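Enquirer: Below is one structure. I have some questions about it.
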Amino acid sequence: MSSPSDLPPFRPLPDHVDQETDALGAPISPEDDTSPEAAEGRRSLREASRVPLAILGGLVAAGIFVFAIRGDEIQAASPTTPAPAEAEAAPIVPLNPDDPYTFAGLDIHPDRLYGQYFAGAFSGRAPAADAEGFLSDFLWRLEMYRNAYGVDDNFTIRVLDDRTGETLEIQQIRSARDAFNGSGQADWDAVNRQRRTVTSGLRQKWQDYGIPRENIVIRWGYKDQTLEARARDQRYITYEVNLARRLGLSVLATEIGTVETFNQDKLISSAGARSRYQMMPDILRMFDVEQYSIPVASGGSIEVKEEHHPLLSVEPYLMLVRAYANAVGHELPGISAYHTGPGNIFKLYREYLRANPGLARDDKHVSDAYMWGVTDGFEQVDAVSSFGPHSRAYVLKAYGSLRATEDERIDPGQTINAERVQLRPGASATLSQILTALEPHGRRLDWGPIEGATLYEKFRDLNPQIALPASNGDVPASGNLRLTATAGDIPIRFFLPAGASAVLERVGLDVIGVNEPFNERTFLLDESERTQTDRDYERLVSETGDFGFTRSAQRRMDRIHDQLQTLASQNPDSRYRQTQAKVARIHRSIWRTASFRSLVATTETLLSVDPRVNIGRQPITDASADAPSRTAPARQRDTIDALEPKPPTIEDTIQY
């Protein structure tokens with residue numbers, strides 16, 4: 001039985017090349033350099049300045065781009081990659097939960113949902129002539145991560161110049177790639193060690209050619225691991241998509257597992273985050289995702305870690321994304337908040353308002369602030385928060401992995417169909433008793449894509465949260481669980497194949513008390529459940545996205561929160577009603593923090609002053625030469641006080 005101390009600390013795969021680390025020991029992405037030189041380079045890119053480098057031109061003419069280090073290991077590729085031809089958007093596929101589909105054909109693809117935001121970055125259209133200067137930088141970064149996750153395989157290293165956006169060189173580790181193509185398997189840690197060695201040489205090479213070190217961007221490809229992540233998710237992706245739709249999210253939110261762990265369930269971060277979705281222990285407990293032990297009939301016990309099962313962690317992570325998105329006003333900064341925390345997003349908004357008070361009052365949206373925060377404003381935001389290089393790249397990586405797999409076919413027939421069950425209070429049964437009762441009725445059970453030659457192995461594959469020992473035959477003595485309704489006060493939840501509860505009842509083993517079916521319709525929204533309160537909540541979130549961070553909005557949120565709690569108590573069996581109530585509790589808790597009060601103070605101050613008065617409250621020259629000069633009258637500002645305390649809930653105790 002493994003424990004956290006048995007597993008090495010996990011960190012997301014690095015995008016770095018040298019052995020540089022940030023304050024937390026995580027790798028620093030070289031393209032996220034915060035130096036003034038790099039900032040100046042990005043401004044050059046945004047101005048579409050393509051200044052030729054004479055020395056580089058000479059080297060190109062001399063054929064330096066065709067370069068090999070130990071020709072049997074490293075293969076040079078073309079220094080530039082042609083932009084993919086613009087194709088027609090895939091037609092929107094009407095929702096039928098039984099039919100195969102692709103992300104590209106869904107109405108909840110972010111390009112379709114958010115084309116009007118981010119200065120049109122997701123619209124597929126060329127940017128408008130009057131678009132903000134940082135749009136070019138943002139588009140460059142989107143393309144960089146699209147290449148990293150969807151074009152460049154795990155044996156590829158791409159070198160770019162962040163002053164111009166040029167791809168200088170692409171190198172491939174040919175021998176490792178050939179071995180992978182032959183076997184279909186690879187030790188990615190070993191491959192990355194090879195890439196790290198090659199990358200150091202590439203950085204020095206281009207520095208010798210005259211490219212300033214701080215402008216050399218190195219990107220590693222992850223296409224192979226991205227495809228592996230999609231394969232791991234095949235059993236569960238329908239649940240992610242349907243739940244995202246019910247929560248009003250795009251399919252971009254379903255890429256968090258890929259960005260965090262490539263959908264590996266048992267990895268633990270150096271900070272202690274767990275599951276393929278990397279949630280901290282206090283967040284998991286808030287959603288009743290527990291760890292406990294189940295006794296074995298012959299003595300001893302077996303550990304259960306519910307975060308290891310995607311069907312027990314998928315609702316918590318997507319509900320958390322929805323709550324964060326509601327609190328910060330839009331899904332994309334909400335996905336960023338999932339990684340960096342909503343407090344950092346509030347700080348980003350504050351810095352945007354301070355740096356661009358005129359723009360912010362001109363019908364701007366929080367998506368503009370977020371785009372500024374990962375381009376022009378990154379150094380300013382980084383200086384006052386922990387929104388660092390990894391936070392900067394998080395949403396861009398998710399979008400890159402989405403684009404890499406958006407045309408992959410998703411077959412709902414490969415989805416696990418199961419029953420999440422709990423025994424009746426007072427009932428007990430061993431695992432052997434349950435499987436023995438089910439065995440003669442195999443044709444009535446739907447195991448779906450579950451693997452295993454015996455019922456025990458199938459049960460083990462269906463329940464990865466239980467650390468059951470392997471067995472080639474019947475239930476081993478060391479794996480014969482003694483199942484009851486609870487372990488202490490924690491419900492013992494496990495999965496059986498669809499149809500199992502009915503079979504057990506029919507054969508006289510009537511021990512199942514709770515039976516929640518999981519199939520392709522589990523998370524679909526019944527429109528009849530939506531109420532006026534739900535629509536009011538959506539309207540509040542929409543207005544929040546227009547920098548509606550005000551005390552009046554907070555009072556509205558309190559009223560909506562209370563109404564949603566009442567609806568949930570009146571409908572205890574409605575999964576939708578319980579979800580809405582939980583999301584609102586988290587949202588309200590975030591809006592009761594000091595970081596939110598600080599944003600409210602900034603918003604109400606900067607967006608309500610005379611636009612002719614600058615941030616320092618000093619008068620500036622009137623636009624009209626004939627207008628008399630005058631100083632804006634001083635106005636009394638209300639202090640943004642903390643709200644009156646209310647009885648705390650578990651959501652109020654979390655460090656979001």
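Here's how to read the names in the structure tokens: chain A, B, ... by the order shown, residue numbers from 1 in each chain, ligand numbers from 1 in the order shown.
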Skip Asp474 in chain A itself and residues of its chain fewer than 6 positions away, then list as a list in words all residues within 9 Å of it, counting only C-alpha atoms.
Expert: Ser432, Thr454, Leu455, Tyr456 and Glu457 of chain A
Enquirer: Produce a file of the selected residues containing N, CA and C atoms, as a PDB file, in the first residue's frame.
Expert:
ATOM      1  N   SER A 432     -16.179 -10.954  -1.821  1.00  0.00           N
ATOM      2  CA  SER A 432     -16.359 -12.282  -2.402  1.00  0.00           C
ATOM      3  C   SER A 432     -17.840 -12.642  -2.518  1.00  0.00           C
ATOM      4  N   THR A 454     -11.196 -11.845 -14.830  1.00  0.00           N
ATOM      5  CA  THR A 454     -12.112 -12.333 -13.796  1.00  0.00           C
ATOM      6  C   THR A 454     -12.936 -11.173 -13.255  1.00  0.00           C
ATOM      7  N   LEU A 455     -14.020 -11.516 -12.538  1.00  0.00           N
ATOM      8  CA  LEU A 455     -14.837 -10.460 -11.941  1.00  0.00           C
ATOM      9  C   LEU A 455     -14.035  -9.646 -10.941  1.00  0.00           C
ATOM     10  N   TYR A 456     -13.131 -10.306 -10.222  1.00  0.00           N
ATOM     11  CA  TYR A 456     -12.329  -9.568  -9.251  1.00  0.00           C
ATOM     12  C   TYR A 456     -11.444  -8.532  -9.957  1.00  0.00           C
ATOM     13  N   GLU A 457     -10.782  -8.937 -11.047  1.00  0.00           N
ATOM     14  CA  GLU A 457      -9.932  -7.994 -11.765  1.00  0.00           C
ATOM     15  C   GLU A 457     -10.757  -6.878 -12.396  1.00  0.00           C
TER      16      GLU A 457
END
Enquirer: Which residues come within 9 Å of Val314 in chain A, counting only C-alpha atoms, excluding same-chain residues fewer than 6 positions away, as a PyMOL selection string?
Expert: chain A and resi 236+239-240+243+277
Enquirer: Write out, as a short mmCIF file (atom, residue, chain, number, x, y, z; two decimals), in the first residue's frame, the residues just selected, with all heavy atoms.
Expert:
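Result went into selection_33.cif, see below:
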data_model
loop_
_atom_site.label_atom_id
_atom_site.label_comp_id
_atom_site.auth_asym_id
_atom_site.auth_seq_id
_atom_site.Cartn_x
_atom_site.Cartn_y
_atom_site.Cartn_z
N TYR A 236 -13.73 8.53 -19.32
CA TYR A 236 -14.37 9.54 -18.45
C TYR A 236 -14.69 10.85 -19.16
O TYR A 236 -15.39 11.69 -18.59
CB TYR A 236 -13.44 9.85 -17.27
CG TYR A 236 -12.92 8.63 -16.56
CD1 TYR A 236 -11.59 8.23 -16.69
CD2 TYR A 236 -13.77 7.84 -15.79
CE1 TYR A 236 -11.11 7.09 -16.05
CE2 TYR A 236 -13.30 6.70 -15.15
CZ TYR A 236 -11.97 6.33 -15.28
OH TYR A 236 -11.50 5.20 -14.65
N TYR A 239 -18.21 12.30 -19.30
CA TYR A 239 -18.68 12.91 -18.05
C TYR A 239 -18.14 14.34 -17.92
O TYR A 239 -18.87 15.25 -17.50
CB TYR A 239 -18.23 12.08 -16.85
CG TYR A 239 -18.87 10.71 -16.79
CD1 TYR A 239 -18.13 9.57 -17.06
CD2 TYR A 239 -20.22 10.57 -16.49
CE1 TYR A 239 -18.72 8.31 -17.02
CE2 TYR A 239 -20.81 9.32 -16.44
CZ TYR A 239 -20.06 8.19 -16.71
OH TYR A 239 -20.65 6.95 -16.68
N GLU A 240 -16.88 14.54 -18.27
CA GLU A 240 -16.30 15.88 -18.19
C GLU A 240 -17.03 16.85 -19.11
O GLU A 240 -17.36 17.98 -18.72
CB GLU A 240 -14.82 15.83 -18.55
CG GLU A 240 -13.96 15.06 -17.56
CD GLU A 240 -12.53 14.94 -18.00
OE1 GLU A 240 -12.23 15.21 -19.19
OE2 GLU A 240 -11.68 14.56 -17.17
N LEU A 243 -20.69 17.51 -17.91
CA LEU A 243 -20.72 18.34 -16.71
C LEU A 243 -20.29 19.77 -17.04
O LEU A 243 -20.88 20.73 -16.50
CB LEU A 243 -19.81 17.74 -15.64
CG LEU A 243 -19.80 18.45 -14.28
CD1 LEU A 243 -21.21 18.61 -13.72
CD2 LEU A 243 -18.90 17.70 -13.29
N TYR A 277 -6.51 15.98 -11.36
CA TYR A 277 -6.88 17.39 -11.44
C TYR A 277 -6.14 18.25 -10.42
O TYR A 277 -6.36 19.46 -10.36
CB TYR A 277 -8.39 17.54 -11.25
CG TYR A 277 -9.20 16.64 -12.13
CD1 TYR A 277 -10.02 15.64 -11.60
CD2 TYR A 277 -9.17 16.76 -13.52
CE1 TYR A 277 -10.77 14.80 -12.40
CE2 TYR A 277 -9.92 15.92 -14.34
CZ TYR A 277 -10.72 14.95 -13.77
OH TYR A 277 -11.46 14.12 -14.58
#
Enquirer: With a distance cut-off of 9 Å and only C-alpha atoms, select the neighbouring residues of Leu564 in chain A, excluding the residue or stretch itself and same-chain residues fewer than 5 positions from it, and output the selection as an mmCIF file with all heavy atoms, in the first residue's frame.
Expert:
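Output file part.cif is given in full below:
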data_model
loop_
_atom_site.group_PDB
_atom_site.id
_atom_site.type_symbol
_atom_site.label_atom_id
_atom_site.label_comp_id
_atom_site.auth_asym_id
_atom_site.auth_seq_id
_atom_site.Cartn_x
_atom_site.Cartn_y
_atom_site.Cartn_z
ATOM 1 N N THR A 533 -33.922 32.212 -10.212
ATOM 2 C CA THR A 533 -32.729 32.477 -9.404
ATOM 3 C C THR A 533 -31.455 32.090 -10.158
ATOM 4 O O THR A 533 -30.452 32.798 -10.110
ATOM 5 C CB THR A 533 -32.806 31.716 -8.078
ATOM 6 O OG1 THR A 533 -33.968 32.113 -7.358
ATOM 7 C CG2 THR A 533 -31.574 31.977 -7.221
ATOM 8 N N ASP A 534 -31.498 30.959 -10.884
ATOM 9 C CA ASP A 534 -30.337 30.556 -11.683
ATOM 10 C C ASP A 534 -30.046 31.581 -12.774
ATOM 11 O O ASP A 534 -28.882 31.916 -13.038
ATOM 12 C CB ASP A 534 -30.572 29.184 -12.306
ATOM 13 C CG ASP A 534 -30.797 28.105 -11.265
ATOM 14 O OD1 ASP A 534 -29.956 27.970 -10.365
ATOM 15 O OD2 ASP A 534 -31.821 27.404 -11.354
ATOM 16 N N ARG A 559 -27.973 37.652 -1.620
ATOM 17 C CA ARG A 559 -29.381 37.283 -1.771
ATOM 18 C C ARG A 559 -29.521 36.029 -2.638
ATOM 19 O O ARG A 559 -30.286 35.113 -2.316
ATOM 20 C CB ARG A 559 -30.172 38.444 -2.390
ATOM 21 C CG ARG A 559 -30.352 39.635 -1.462
ATOM 22 C CD ARG A 559 -31.424 40.574 -1.993
ATOM 23 N NE ARG A 559 -31.049 41.155 -3.292
ATOM 24 C CZ ARG A 559 -30.352 42.285 -3.430
ATOM 25 N NH1 ARG A 559 -29.935 42.952 -2.356
ATOM 26 N NH2 ARG A 559 -30.080 42.743 -4.632
ATOM 27 N N SER A 569 -32.200 22.873 -0.284
ATOM 28 C CA SER A 569 -32.810 22.174 0.851
ATOM 29 C C SER A 569 -34.193 21.640 0.498
ATOM 30 O O SER A 569 -34.628 20.615 1.040
ATOM 31 C CB SER A 569 -32.902 23.118 2.059
ATOM 32 O OG SER A 569 -33.786 24.198 1.791
ATOM 33 N N ARG A 577 -29.425 21.046 -8.229
ATOM 34 C CA ARG A 577 -29.688 22.019 -7.167
ATOM 35 C C ARG A 577 -28.559 22.000 -6.129
ATOM 36 O O ARG A 577 -28.143 23.055 -5.639
ATOM 37 C CB ARG A 577 -31.028 21.724 -6.490
ATOM 38 C CG ARG A 577 -32.242 21.984 -7.374
ATOM 39 C CD ARG A 577 -32.822 23.401 -7.133
ATOM 40 N NE ARG A 577 -31.898 24.471 -7.328
ATOM 41 C CZ ARG A 577 -31.759 25.159 -8.466
ATOM 42 N NH1 ARG A 577 -32.476 24.861 -9.511
ATOM 43 N NH2 ARG A 577 -30.901 26.170 -8.550
ATOM 44 N N GLN A 578 -28.051 20.830 -5.801
ATOM 45 C CA GLN A 578 -26.948 20.761 -4.838
ATOM 46 C C GLN A 578 -25.685 21.394 -5.419
ATOM 47 O O GLN A 578 -24.923 22.054 -4.709
ATOM 48 C CB GLN A 578 -26.682 19.304 -4.440
ATOM 49 C CG GLN A 578 -27.881 18.573 -3.844
ATOM 50 C CD GLN A 578 -28.516 19.336 -2.685
ATOM 51 O OE1 GLN A 578 -27.826 19.811 -1.783
ATOM 52 N NE2 GLN A 578 -29.843 19.449 -2.701
ATOM 53 N N GLN A 580 -25.516 23.852 -7.723
ATOM 54 C CA GLN A 580 -25.669 25.303 -7.742
ATOM 55 C C GLN A 580 -25.448 25.898 -6.357
ATOM 56 O O GLN A 580 -24.816 26.957 -6.205
ATOM 57 C CB GLN A 580 -27.061 25.675 -8.259
ATOM 58 C CG GLN A 580 -27.273 25.457 -9.748
ATOM 59 C CD GLN A 580 -26.501 26.460 -10.577
ATOM 60 O OE1 GLN A 580 -25.330 26.243 -10.908
ATOM 61 N NE2 GLN A 580 -27.147 27.555 -10.916
ATOM 62 N N ALA A 581 -25.968 25.228 -5.347
ATOM 63 C CA ALA A 581 -25.813 25.736 -3.981
ATOM 64 C C ALA A 581 -24.348 25.712 -3.558
ATOM 65 O O ALA A 581 -23.852 26.664 -2.926
ATOM 66 C CB ALA A 581 -26.658 24.900 -3.018
ATOM 67 N N LYS A 582 -23.639 24.642 -3.901
ATOM 68 C CA LYS A 582 -22.223 24.536 -3.532
ATOM 69 C C LYS A 582 -21.391 25.589 -4.243
ATOM 70 O O LYS A 582 -20.533 26.247 -3.625
ATOM 71 C CB LYS A 582 -21.717 23.141 -3.884
ATOM 72 C CG LYS A 582 -20.290 22.848 -3.433
ATOM 73 C CD LYS A 582 -20.218 22.642 -1.933
ATOM 74 C CE LYS A 582 -18.893 22.098 -1.487
ATOM 75 N NZ LYS A 582 -18.822 21.872 -0.032
ATOM 76 N N ALA A 584 -22.349 28.455 -5.324
ATOM 77 C CA ALA A 584 -22.654 29.759 -4.738
ATOM 78 C C ALA A 584 -21.976 29.943 -3.386
ATOM 79 O O ALA A 584 -21.537 31.051 -3.051
ATOM 80 C CB ALA A 584 -24.167 29.933 -4.600
#
Enquirer: Taking 5 positions as the minimum chain separation for residues in the same chain, which residues sit within 10 Å of Val241 in chain A when counting only C-alpha atoms? Answer as an mmCIF file with C-alpha atoms, in the first residue's frame.
Expert:
data_model
loop_
_atom_site.group_PDB
_atom_site.id
_atom_site.type_symbol
_atom_site.label_atom_id
_atom_site.label_comp_id
_atom_site.auth_asym_id
_atom_site.auth_seq_id
_atom_site.Cartn_x
_atom_site.Cartn_y
_atom_site.Cartn_z
ATOM 1 C CA PHE A 103 -14.493 18.923 -29.581
ATOM 2 C CA LEU A 106 -19.257 21.199 -30.203
ATOM 3 C CA ILE A 108 -19.134 24.735 -26.223
ATOM 4 C CA TYR A 236 -14.371 9.537 -18.451
ATOM 5 C CA ARG A 246 -24.335 21.709 -17.449
ATOM 6 C CA LEU A 247 -22.137 24.183 -15.565
ATOM 7 C CA LEU A 249 -18.291 26.005 -19.153
ATOM 8 C CA SER A 250 -16.465 25.392 -22.411
ATOM 9 C CA VAL A 251 -14.545 22.212 -23.175
ATOM 10 C CA LEU A 252 -11.370 24.161 -22.372
ATOM 11 C CA ALA A 253 -12.082 23.360 -18.714
ATOM 12 C CA THR A 254 -11.795 19.644 -19.499
ATOM 13 C CA GLU A 520 -23.644 9.256 -20.696
ATOM 14 C CA PHE A 523 -24.651 15.191 -15.982
ATOM 15 C CA LEU A 524 -27.026 16.395 -18.663
#
Enquirer: Each residue of range 233-266 of chain A lying at most 10 Å from range 410-415 of chain A should get a row with its shortest atom-to-atom pair and the distance in Å to one decimal, counting only C-alpha atoms; could you produce that, ordered by chain and increasing number, as a Markdown table?
Expert:
| residue | atom | partner | partner_atom | distance |
| --- | --- | --- | --- | --- |
| A:Asp233 | CA | A:Thr415 | CA | 9.4 |
| A:Gln234 | CA | A:Gln414 | CA | 6.6 |
| A:Arg235 | CA | A:Thr415 | CA | 4.4 |
| A:Tyr236 | CA | A:Thr415 | CA | 6.0 |
| A:Ile237 | CA | A:Thr415 | CA | 7.6 |
| A:Thr238 | CA | A:Pro412 | CA | 6.3 |
| A:Tyr239 | CA | A:Thr415 | CA | 8.2 |
Enquirer: Can you tell me which residues surround Asn326 in chain A at a distance of at most 9 Å, considering only C-alpha atoms, apart from same-chain residues fewer than 2 positions away, and format the answer as a ChimeraX atom specification?
Expert: /A:321-324,328-331,334,537-538,540-542,544-545,583-584,587
Enquirer: Restricted to C-alpha atoms, what would the selected residues look like written as a tab-separated table (two decimals), in the first residue's frame?
Expert:
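Saved file again.tsv follows:
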chain	number	residue	atom	x	y	z
A	321	VAL	CA	-13.67	26.01	-11.90
A	322	ARG	CA	-17.27	27.24	-12.16
A	323	ALA	CA	-17.14	28.92	-8.75
A	324	TYR	CA	-13.81	30.59	-9.58
A	328	VAL	CA	-13.61	36.51	-11.29
A	329	GLY	CA	-16.17	37.21	-14.01
A	330	HIS	CA	-15.20	34.84	-16.84
A	331	GLU	CA	-14.22	31.23	-17.46
A	334	GLY	CA	-11.42	31.34	-13.74
A	537	TYR	CA	-27.08	34.32	-10.97
A	538	GLU	CA	-25.94	34.09	-14.59
A	540	LEU	CA	-24.79	38.75	-12.07
A	541	VAL	CA	-21.75	36.83	-13.33
A	542	SER	CA	-22.10	38.40	-16.77
A	544	THR	CA	-19.27	41.04	-13.04
A	545	GLY	CA	-17.27	40.39	-16.20
A	583	VAL	CA	-20.89	26.78	-6.29
A	584	ALA	CA	-22.65	29.76	-4.74
A	587	HIS	CA	-18.33	32.12	-4.72
Enquirer: Of the residues A:Asp461, A:Asp153, A:Glu543, A:Glu439, which is the one nearest to Asn181 in chain A, using only C-alpha atoms?
Expert: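 When distances to Asn181 in chain A are compared using only C-alpha atoms, the smallest one comes from A:Asp153.
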Enquirer: For the structure I just gave you, how does DSSP split range 169-305 of chain A - specifically, which residues are alpha helix (DSSP H)? Reply as a VMD selection string.
Expert: chain A and resid 174 to 183 188 to 208 223 to 232 237 to 246 256 to 261 281 to 286
Enquirer: Tell me which of A:Ser391, A:Ser200, A:Asn154, A:Asn417 sits closest to Asp178 in chain A, counting only C-alpha atoms.
Expert: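 Of the candidates, the smallest distance to Asp178 in chain A is held by A:Asn154.
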Enquirer: Please identify which residues in range 356-554 of chain A DSSP calls strand (DSSP E) from the backbone, and express them as JSON, numbers by chain.
Expert: {"A": [418, 419, 420, 421, 422, 423, 429, 430, 482, 483, 486, 487, 490, 491, 494, 495, 496, 497, 512, 513, 514, 515, 516, 517, 518]}
Enquirer: Taking only C-alpha atoms into account, name the residue in A:Asp137, A:Glu408, A:Thr531, A:Ala477 that is nearest to Gly377 in chain A.
Expert: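 Among the listed residues, A:Asp137 lies closest to Gly377 in chain A.
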